[in-house]
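Structure file structure.cif (mmCIF, C-alpha atoms) is printed below.
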data_protein
#
loop_
_atom_site.label_atom_id
_atom_site.label_comp_id
_atom_site.auth_asym_id
_atom_site.auth_seq_id
_atom_site.Cartn_x
_atom_site.Cartn_y
_atom_site.Cartn_z
CA MET A 1 112.01 -21.71 28.49
CA THR A 2 109.50 -24.03 30.13
CA GLY A 3 106.16 -24.39 28.40
CA ARG A 4 107.54 -23.71 24.91
CA ASP A 5 108.37 -26.13 22.12
CA PRO A 6 112.06 -26.93 22.79
CA LYS A 7 112.72 -27.12 19.04
CA ALA A 8 111.23 -23.66 18.40
CA LEU A 9 114.54 -21.96 19.17
CA ALA A 10 116.35 -24.20 16.69
CA ARG A 11 113.81 -23.39 13.98
CA LEU A 12 114.18 -19.68 14.71
CA PHE A 13 117.96 -20.05 14.53
CA ASP A 14 117.68 -21.62 11.07
CA ALA A 15 115.70 -18.58 9.90
CA ASP A 16 117.52 -15.84 11.84
CA PRO A 17 120.46 -16.71 14.15
CA GLU A 18 120.57 -13.21 15.67
CA ALA A 19 116.86 -13.26 16.55
CA ALA A 20 117.32 -16.66 18.17
CA VAL A 21 120.19 -15.46 20.36
CA LEU A 22 118.27 -12.31 21.34
CA GLN A 23 115.25 -14.40 22.29
CA LEU A 24 117.47 -16.73 24.31
CA LEU A 25 119.01 -13.82 26.24
CA GLN A 26 115.61 -12.27 26.87
CA GLU A 27 114.06 -15.49 28.17
CA THR A 28 117.09 -16.41 30.28
CA GLY A 29 117.28 -13.02 31.95
CA GLU A 30 120.84 -13.68 33.17
CA PRO A 31 124.24 -12.72 31.72
CA MET A 32 125.49 -15.38 29.29
CA SER A 33 128.93 -15.94 27.82
CA ALA A 34 129.57 -17.19 24.30
CA ILE A 35 129.97 -20.70 25.71
CA ASP A 36 126.65 -20.42 27.59
CA VAL A 37 124.84 -19.21 24.47
CA LYS A 38 126.24 -21.94 22.22
CA LYS A 39 125.46 -24.65 24.78
CA ALA A 40 121.87 -23.44 25.13
CA LEU A 41 121.49 -23.43 21.35
CA GLN A 42 122.87 -26.97 21.12
CA ASP A 43 120.51 -28.09 23.90
CA ALA A 44 117.66 -26.71 21.78
CA GLY A 45 118.77 -28.77 18.78
CA VAL A 46 121.11 -26.44 16.90
CA PRO A 47 124.15 -28.37 15.55
CA LYS A 48 127.41 -27.29 17.17
CA THR A 49 129.02 -26.50 13.83
CA ASP A 50 126.11 -24.19 12.93
CA ALA A 51 126.27 -22.39 16.27
CA ASP A 52 130.04 -21.92 16.01
CA LYS A 53 129.82 -20.68 12.43
CA ALA A 54 127.06 -18.14 13.10
CA TRP A 55 128.43 -16.80 16.40
CA PRO A 56 131.08 -14.30 15.10
CA THR A 57 128.47 -12.45 13.04
CA VAL A 58 125.80 -12.64 15.74
CA GLN A 59 128.26 -11.44 18.36
CA LYS A 60 129.11 -8.29 16.38
CA ARG A 61 125.43 -7.47 15.98
CA ILE A 62 124.27 -8.06 19.55
CA LYS A 63 127.14 -5.92 20.87
CA VAL A 64 125.52 -2.87 19.29
CA ASN A 65 121.92 -3.94 19.91
CA GLU A 66 120.10 -1.41 22.09
CA HIS A 67 118.53 -4.19 24.16
CA ILE A 68 121.83 -5.88 25.08
CA VAL A 69 124.24 -4.91 27.85
CA THR A 70 127.80 -6.21 27.70
CA GLU A 71 129.24 -7.27 31.06
CA GLY A 72 132.82 -8.28 30.33
CA PRO A 73 132.65 -11.47 28.24
CA ARG A 74 128.92 -11.88 28.97
CA TYR A 75 125.80 -10.49 27.35
CA ARG A 76 122.57 -9.63 29.17
CA TRP A 77 119.13 -8.57 27.96
CA ASN A 78 118.59 -5.01 29.13
CA ARG A 79 115.12 -4.96 30.63
CA PRO A 80 113.51 -1.52 31.07
CA LEU A 81 114.16 -0.27 34.59
CA THR A 82 110.43 0.07 35.19
CA GLU A 83 110.01 -3.70 34.68
CA LEU A 84 112.49 -4.68 37.39
CA SER A 85 111.31 -6.17 40.66
CA PRO A 86 111.86 -4.10 43.85
CA ALA A 87 114.67 -6.47 44.85
CA GLU A 88 116.39 -6.07 41.46
CA ALA A 89 115.96 -2.29 41.61
CA LEU A 90 117.50 -2.18 45.08
CA ASP A 91 120.39 -4.35 43.92
CA LEU A 92 121.19 -1.94 41.08
CA LEU A 93 120.91 1.08 43.36
CA VAL A 94 123.41 -0.41 45.76
CA LYS A 95 125.86 -1.22 42.96
CA GLY A 96 125.95 2.47 41.98
CA GLY A 97 127.38 4.00 38.81
CA LEU A 98 123.95 5.20 37.65
CA SER A 99 122.74 8.43 36.12
CA ASP A 100 120.30 10.65 38.03
CA SER A 101 117.44 9.55 35.75
CA GLU A 102 118.28 5.87 36.33
CA LYS A 103 118.40 6.40 40.10
CA GLU A 104 115.01 8.08 40.01
CA ALA A 105 113.50 5.29 37.89
CA LEU A 106 114.77 2.61 40.27
CA SER A 107 113.58 4.58 43.30
CA GLU A 108 110.13 4.78 41.72
CA VAL A 109 110.05 0.98 41.42
CA ILE A 110 110.72 0.67 45.15
CA ARG A 111 108.22 3.40 46.04
CA GLY A 112 105.65 1.68 43.86
CA ALA A 113 106.12 -1.59 45.74
CA LEU A 114 105.53 0.19 49.02
CA THR A 115 102.47 1.98 47.65
CA GLU A 116 100.96 -1.23 46.25
CA ALA A 117 101.53 -3.19 49.48
CA PRO A 118 98.24 -4.35 51.07
CA ALA A 119 96.72 -1.73 53.32
CA VAL A 120 96.95 -2.72 56.96
CA GLU A 121 95.66 -1.15 60.12
CA SER A 122 96.74 -1.66 63.69
CA ASN A 123 93.94 -2.50 66.12
CA GLU A 124 95.98 -2.33 69.28
CA ASP A 125 93.17 -0.49 71.12
CA SER A 126 90.51 -2.97 69.99
CA PRO A 127 90.80 -6.34 71.75
CA ALA A 128 90.07 -9.36 69.56
CA SER A 129 86.80 -11.10 70.27
CA ASP A 130 88.18 -14.60 69.72
CA ASP A 131 91.21 -16.59 68.64
CA SER A 132 90.63 -15.85 64.95
CA GLY A 133 90.54 -12.15 65.73
CA GLU A 134 93.79 -12.39 67.65
CA GLU A 135 95.43 -14.24 64.74
CA ALA A 136 94.21 -11.62 62.26
CA ALA A 137 95.56 -8.83 64.47
CA ARG A 138 98.92 -10.61 64.75
CA GLN A 139 99.14 -11.04 60.98
CA ARG A 140 98.27 -7.38 60.44
CA GLN A 141 101.00 -6.32 62.83
CA GLU A 142 103.53 -8.59 61.13
CA ALA A 143 102.59 -7.02 57.78
CA ILE A 144 103.01 -3.54 59.25
CA ASP A 145 106.43 -4.44 60.63
CA ALA A 146 107.58 -5.95 57.33
CA ILE A 147 106.42 -2.96 55.27
CA ARG A 148 108.02 -0.57 57.76
CA LYS A 149 111.35 -2.38 57.44
CA LEU A 150 111.17 -2.24 53.64
CA ALA A 151 110.33 1.46 53.76
CA GLU A 152 113.24 2.14 56.12
CA LEU A 153 115.65 0.27 53.86
CA ALA A 154 114.44 2.07 50.74
CA SER A 155 114.78 5.43 52.50
CA GLU A 156 118.27 4.63 53.73
CA VAL A 157 119.45 3.54 50.28
CA GLU A 158 118.04 6.67 48.67
CA GLU A 159 119.75 8.82 51.31
CA LEU A 160 123.09 7.08 50.73
CA ILE A 161 122.78 7.57 46.98
CA GLY A 162 121.73 11.20 47.38
CA ASN A 163 124.80 11.83 49.52
CA GLU A 164 126.98 10.12 46.89
CA THR A 165 128.25 7.69 49.49
CA ASP A 166 131.20 5.57 48.38
CA LEU A 167 130.07 2.11 47.23
CA PRO A 168 132.04 0.12 49.87
CA VAL A 169 130.59 2.28 52.64
CA MET A 170 127.09 1.90 51.20
CA MET A 171 127.47 -1.86 51.05
CA ARG A 172 128.53 -2.02 54.71
CA GLN A 173 125.64 0.14 55.83
CA VAL A 174 123.04 -1.80 53.85
CA ARG A 175 124.39 -5.12 55.17
CA ALA A 176 124.35 -3.77 58.73
CA PHE A 177 120.72 -2.74 58.25
CA VAL A 178 119.57 -6.11 56.95
CA ARG A 179 121.38 -7.89 59.77
CA ARG A 180 119.50 -5.74 62.29
CA SER A 181 116.33 -6.90 60.53
CA GLY A 182 117.20 -10.55 61.18
CA LEU A 183 118.61 -11.24 57.71
CA ASP A 184 121.94 -12.95 57.11
CA PRO A 185 123.49 -12.69 53.63
CA VAL A 186 124.45 -15.84 51.75
CA GLY A 187 127.79 -14.83 50.24
CA GLN A 188 128.93 -11.43 49.02
CA ALA A 189 129.18 -10.18 45.44
CA GLY A 190 132.63 -11.00 44.07
CA GLU A 191 133.39 -13.52 46.81
CA GLU A 192 134.98 -16.86 45.90
CA THR A 193 133.37 -19.89 47.51
CA ARG A 194 132.42 -23.54 46.91
CA PHE A 195 129.19 -24.45 45.15
CA ASP A 196 126.40 -25.70 47.41
CA ARG A 197 123.14 -26.45 45.60
CA LYS A 198 121.21 -25.84 48.84
CA LYS A 199 122.40 -22.22 48.96
CA HIS A 200 123.41 -21.35 45.39
CA THR A 201 121.74 -20.92 42.00
CA PRO A 202 124.18 -21.26 39.07
CA ILE A 203 124.22 -19.02 36.01
CA GLY A 204 124.16 -21.01 32.80
CA GLY A 205 124.87 -24.74 33.01
CA GLN A 206 125.12 -27.16 35.89
CA ILE A 207 127.89 -26.88 38.49
CA ARG A 208 129.02 -29.81 40.61
CA ASP A 209 128.89 -29.56 44.41
CA GLY A 210 132.15 -28.29 45.85
CA ALA A 211 133.33 -26.66 42.62
CA PRO A 212 134.88 -23.19 43.00
CA VAL A 213 132.45 -20.40 42.10
CA ILE A 214 132.15 -16.63 42.35
CA VAL A 215 129.11 -14.99 43.95
CA VAL A 216 127.33 -12.68 41.48
CA ARG A 217 124.43 -11.73 43.75
CA PRO A 218 124.00 -12.67 47.42
CA GLY A 219 121.01 -14.51 48.82
CA TYR A 220 119.48 -14.05 52.26
CA ILE A 221 118.47 -16.17 55.22
CA TRP A 222 115.82 -14.89 57.62
CA LYS A 223 116.64 -15.98 61.16
CA THR A 224 113.63 -16.42 63.46
CA GLN A 225 113.22 -17.89 66.93
CA ASP A 226 111.85 -21.12 65.49
CA GLU A 227 113.85 -21.65 62.28
CA ASP A 228 116.12 -20.22 59.62
CA VAL A 229 114.24 -19.48 56.40
CA LEU A 230 116.14 -19.26 53.08
CA LEU A 231 114.51 -16.31 51.33
CA GLY A 232 116.69 -16.47 48.24
CA LYS A 233 119.70 -18.42 47.06
CA ALA A 234 122.91 -16.67 46.06
CA VAL A 235 123.47 -16.46 42.29
CA VAL A 236 126.91 -17.81 41.36
CA GLU A 237 129.06 -18.52 38.30
CA ASP A 238 132.06 -20.75 37.75
#
So that I can check it, write out the structure of this file as structure tokens.
Amino acid sequence: MTGRDPKALARLFDADPEAAVLQLLQETGEPMSAIDVKKALQDAGVPKTDADKAWPTVQKRIKVNEHIVTEGPRYRWNRPLTELSPAEALDLLVKGGLSDSEKEALSEVIRGALTEAPAVESNEDSPASDDSGEEAARQRQEAIDAIRKLAELASEVEELIGNETDLPVMMRQVRAFVRRSGLDPVGQAGEETRFDRKKHTPIGGQIRDGAPVIVVRPGYIWKTQDEDVLLGKAVVED
């Protein structure tokens, strides 16, 4: 909620507690438990007694709100599938359990990312006139290779879904693919591990280093000849 008056949420809560919680879930974008919600409200200036008193009524209402998805004891703002990033769309596809229309919508997000990728051409038959030309040709080829890998992964995931592949099998095949592409996963969804702020992003509040956590979504490290690049931290919860 950076860039917004930190007391604005408290003022909204005074006028409409449900609207305040919905706004909080929308801005956070991550699943939040009752404890997470109340803590965020208190951080914004809402008295603890007020948050505790309003929560039972707010909870009943958000459970039936069309924009909220319940994930066990947590609540998440349900963004339209068309607004998801390609990475988020791919993550949902791999998890499975979707309707045909949802699969098609997520596939369109991935196809759109491929379509909107910068156009690149290979000039293998045209020698560069100088060092800058050689660098431009190298960058073009790297872009081609990266887009090709993304296209191959999207195609493979769609094929697995179309064949109604079992989720565990799909997970193994996707992980094998990304490893062949030089990517190493940071954790695995559902895995128990110890919190490391260099590799993990916590959901909700702060987590101390070394505390036991559960991986919600894996991150990835890109291994190159020169260095290991952390492309994304794993999302964890305590």
Would you mind listing, for every residue of range 20-86 of chain A within 12 Å of range 225-237 of chain A, the two atoms forming the shortest contact and the distance between them in Å to one decimal, using all atoms listed in the file, sorted by chain and ascending residue number, as JSON lines?
{"residue": "A:Glu30", "atom": "CA", "partner": "A:Val235", "partner_atom": "CA", "distance": 9.9}
{"residue": "A:Pro31", "atom": "CA", "partner": "A:Glu237", "partner_atom": "CA", "distance": 10.0}
{"residue": "A:Met32", "atom": "CA", "partner": "A:Glu237", "partner_atom": "CA", "distance": 10.2}
{"residue": "A:Ser33", "atom": "CA", "partner": "A:Glu237", "partner_atom": "CA", "distance": 10.8}
{"residue": "A:Asp36", "atom": "CA", "partner": "A:Glu237", "partner_atom": "CA", "distance": 11.1}
{"residue": "A:Arg74", "atom": "CA", "partner": "A:Glu237", "partner_atom": "CA", "distance": 11.5}
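Note that CA of Ile68 in chain A and CA of Gln23 in chain A are 11.1 Å apart.
Straight-line separation from CA of Gln188 in chain A to CA of Gly205 in chain A: 21.2 Å.
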Identify all residues satisfying the PyMOL selection byres ((chain A and resi 29) around 9) in the given file; provide them as a PDB file with C-alpha atoms, in the coordinates of the input.
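Result went into expr.pdb, see below:
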ATOM      1  CA  LEU A  24     117.470 -16.730  24.310  1.00  0.00           C
ATOM      2  CA  LEU A  25     119.010 -13.820  26.240  1.00  0.00           C
ATOM      3  CA  GLN A  26     115.610 -12.270  26.870  1.00  0.00           C
ATOM      4  CA  GLU A  27     114.060 -15.490  28.170  1.00  0.00           C
ATOM      5  CA  THR A  28     117.090 -16.410  30.280  1.00  0.00           C
ATOM      6  CA  GLU A  30     120.840 -13.680  33.170  1.00  0.00           C
ATOM      7  CA  PRO A  31     124.240 -12.720  31.720  1.00  0.00           C
ATOM      8  CA  MET A  32     125.490 -15.380  29.290  1.00  0.00           C
ATOM      9  CA  ARG A  76     122.570  -9.630  29.170  1.00  0.00           C
ATOM     10  CA  TRP A  77     119.130  -8.570  27.960  1.00  0.00           C
ATOM     11  CA  ASN A  78     118.590  -5.010  29.130  1.00  0.00           C
ATOM     12  CA  ARG A  79     115.120  -4.960  30.630  1.00  0.00           C
TER      13      ARG A  79
END
Hey, what's within 9 Å of range 211-219 of chain A if we count all atoms listed in the file and toss same-chain stuff fewer than 2 positions away? As an NGL selection string, please? :A and (91 or 184-196 or 199-200 or 202-203 or 207-209 or 221 or 230-238)
Selection near Ala10 in chain A, 12 Å with all atoms listed in the file, sequence-local residues under 5 positions removed, as a PyMOL selection string: chain A and resi 5+15-21+23-24+38+40-48+50-51
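Relative to CA of Val37 in chain A, CA of Lys7 in chain A is found at 15.5 Å.
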Using the chain letters and residue numbers of this document, give as a PyMOL selection string the residues selected by the PyMOL selection byres ((chain A and resi 182) around 6). chain A and resi 179-181+183+222-223
Completion step: range 50-84 of chain A with N, CA and C atoms as a compact mmCIF listing (two decimals), in the coordinates of the input:
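out.txt, written as the output of this step:
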# COMPACT_ATOMS: atom_id res chain seq x y z
N ASP A 50 126.92 -25.34 13.36
CA ASP A 50 126.11 -24.19 12.93
C ASP A 50 126.21 -23.05 13.95
N ALA A 51 126.17 -23.41 15.24
CA ALA A 51 126.27 -22.39 16.27
C ALA A 51 127.63 -21.69 16.23
N ASP A 52 128.69 -22.48 16.08
CA ASP A 52 130.04 -21.92 16.01
C ASP A 52 130.21 -21.02 14.78
N LYS A 53 129.67 -21.44 13.67
CA LYS A 53 129.82 -20.68 12.43
C LYS A 53 129.07 -19.36 12.49
N ALA A 54 127.89 -19.35 13.08
CA ALA A 54 127.06 -18.14 13.10
C ALA A 54 127.49 -17.15 14.19
N TRP A 55 128.16 -17.64 15.23
CA TRP A 55 128.43 -16.80 16.40
C TRP A 55 129.22 -15.53 16.09
N PRO A 56 130.32 -15.54 15.33
CA PRO A 56 131.08 -14.30 15.10
C PRO A 56 130.22 -13.16 14.56
N THR A 57 129.34 -13.48 13.61
CA THR A 57 128.47 -12.45 13.04
C THR A 57 127.42 -12.01 14.04
N VAL A 58 126.82 -12.97 14.74
CA VAL A 58 125.80 -12.64 15.74
C VAL A 58 126.41 -11.81 16.85
N GLN A 59 127.60 -12.16 17.28
CA GLN A 59 128.26 -11.44 18.36
C GLN A 59 128.45 -9.97 18.03
N LYS A 60 128.90 -9.68 16.79
CA LYS A 60 129.11 -8.29 16.38
C LYS A 60 127.80 -7.51 16.42
N ARG A 61 126.71 -8.17 16.05
CA ARG A 61 125.43 -7.47 15.98
C ARG A 61 124.82 -7.23 17.36
N ILE A 62 124.90 -8.23 18.24
CA ILE A 62 124.27 -8.06 19.55
C ILE A 62 125.06 -7.07 20.41
N LYS A 63 126.35 -6.89 20.11
CA LYS A 63 127.14 -5.92 20.87
C LYS A 63 126.63 -4.50 20.70
N VAL A 64 126.03 -4.21 19.55
CA VAL A 64 125.52 -2.87 19.29
C VAL A 64 123.99 -2.81 19.37
N ASN A 65 123.38 -3.91 19.78
CA ASN A 65 121.92 -3.94 19.91
C ASN A 65 121.50 -3.14 21.14
N GLU A 66 120.51 -2.29 21.00
CA GLU A 66 120.10 -1.41 22.09
C GLU A 66 119.53 -2.17 23.29
N HIS A 67 119.13 -3.41 23.07
CA HIS A 67 118.53 -4.19 24.16
C HIS A 67 119.56 -5.05 24.90
N ILE A 68 120.81 -5.01 24.49
CA ILE A 68 121.83 -5.88 25.08
C ILE A 68 122.87 -5.05 25.83
N VAL A 69 123.19 -5.52 27.03
CA VAL A 69 124.24 -4.91 27.85
C VAL A 69 125.41 -5.88 27.90
N THR A 70 126.61 -5.38 27.65
CA THR A 70 127.80 -6.21 27.70
C THR A 70 128.44 -6.10 29.07
N GLU A 71 128.62 -7.22 29.73
CA GLU A 71 129.24 -7.27 31.06
C GLU A 71 130.49 -8.13 30.95
N GLY A 72 131.61 -7.51 30.57
CA GLY A 72 132.82 -8.28 30.33
C GLY A 72 132.61 -9.21 29.15
N PRO A 73 132.85 -10.51 29.34
CA PRO A 73 132.65 -11.47 28.24
C PRO A 73 131.21 -11.97 28.15
N ARG A 74 130.31 -11.40 28.94
CA ARG A 74 128.92 -11.88 28.97
C ARG A 74 127.97 -10.84 28.39
N TYR A 75 126.82 -11.33 27.96
CA TYR A 75 125.80 -10.49 27.35
C TYR A 75 124.49 -10.68 28.11
N ARG A 76 123.81 -9.57 28.38
CA ARG A 76 122.57 -9.63 29.17
C ARG A 76 121.50 -8.79 28.49
N TRP A 77 120.27 -9.32 28.49
CA TRP A 77 119.13 -8.57 27.96
C TRP A 77 118.84 -7.41 28.90
N ASN A 78 118.78 -6.22 28.34
CA ASN A 78 118.59 -5.01 29.13
C ASN A 78 117.11 -4.71 29.28
N ARG A 79 116.54 -5.21 30.36
CA ARG A 79 115.12 -4.96 30.63
C ARG A 79 114.92 -3.50 31.02
N PRO A 80 113.80 -2.88 30.62
CA PRO A 80 113.51 -1.52 31.07
C PRO A 80 113.52 -1.46 32.59
N LEU A 81 114.05 -0.38 33.14
CA LEU A 81 114.16 -0.27 34.59
C LEU A 81 112.81 -0.38 35.28
N THR A 82 111.76 0.10 34.59
CA THR A 82 110.43 0.07 35.19
C THR A 82 109.86 -1.34 35.31
N GLU A 83 110.49 -2.32 34.62
CA GLU A 83 110.01 -3.70 34.68
C GLU A 83 110.74 -4.54 35.72
N LEU A 84 111.73 -3.94 36.38
CA LEU A 84 112.49 -4.68 37.39
C LEU A 84 111.65 -4.88 38.65
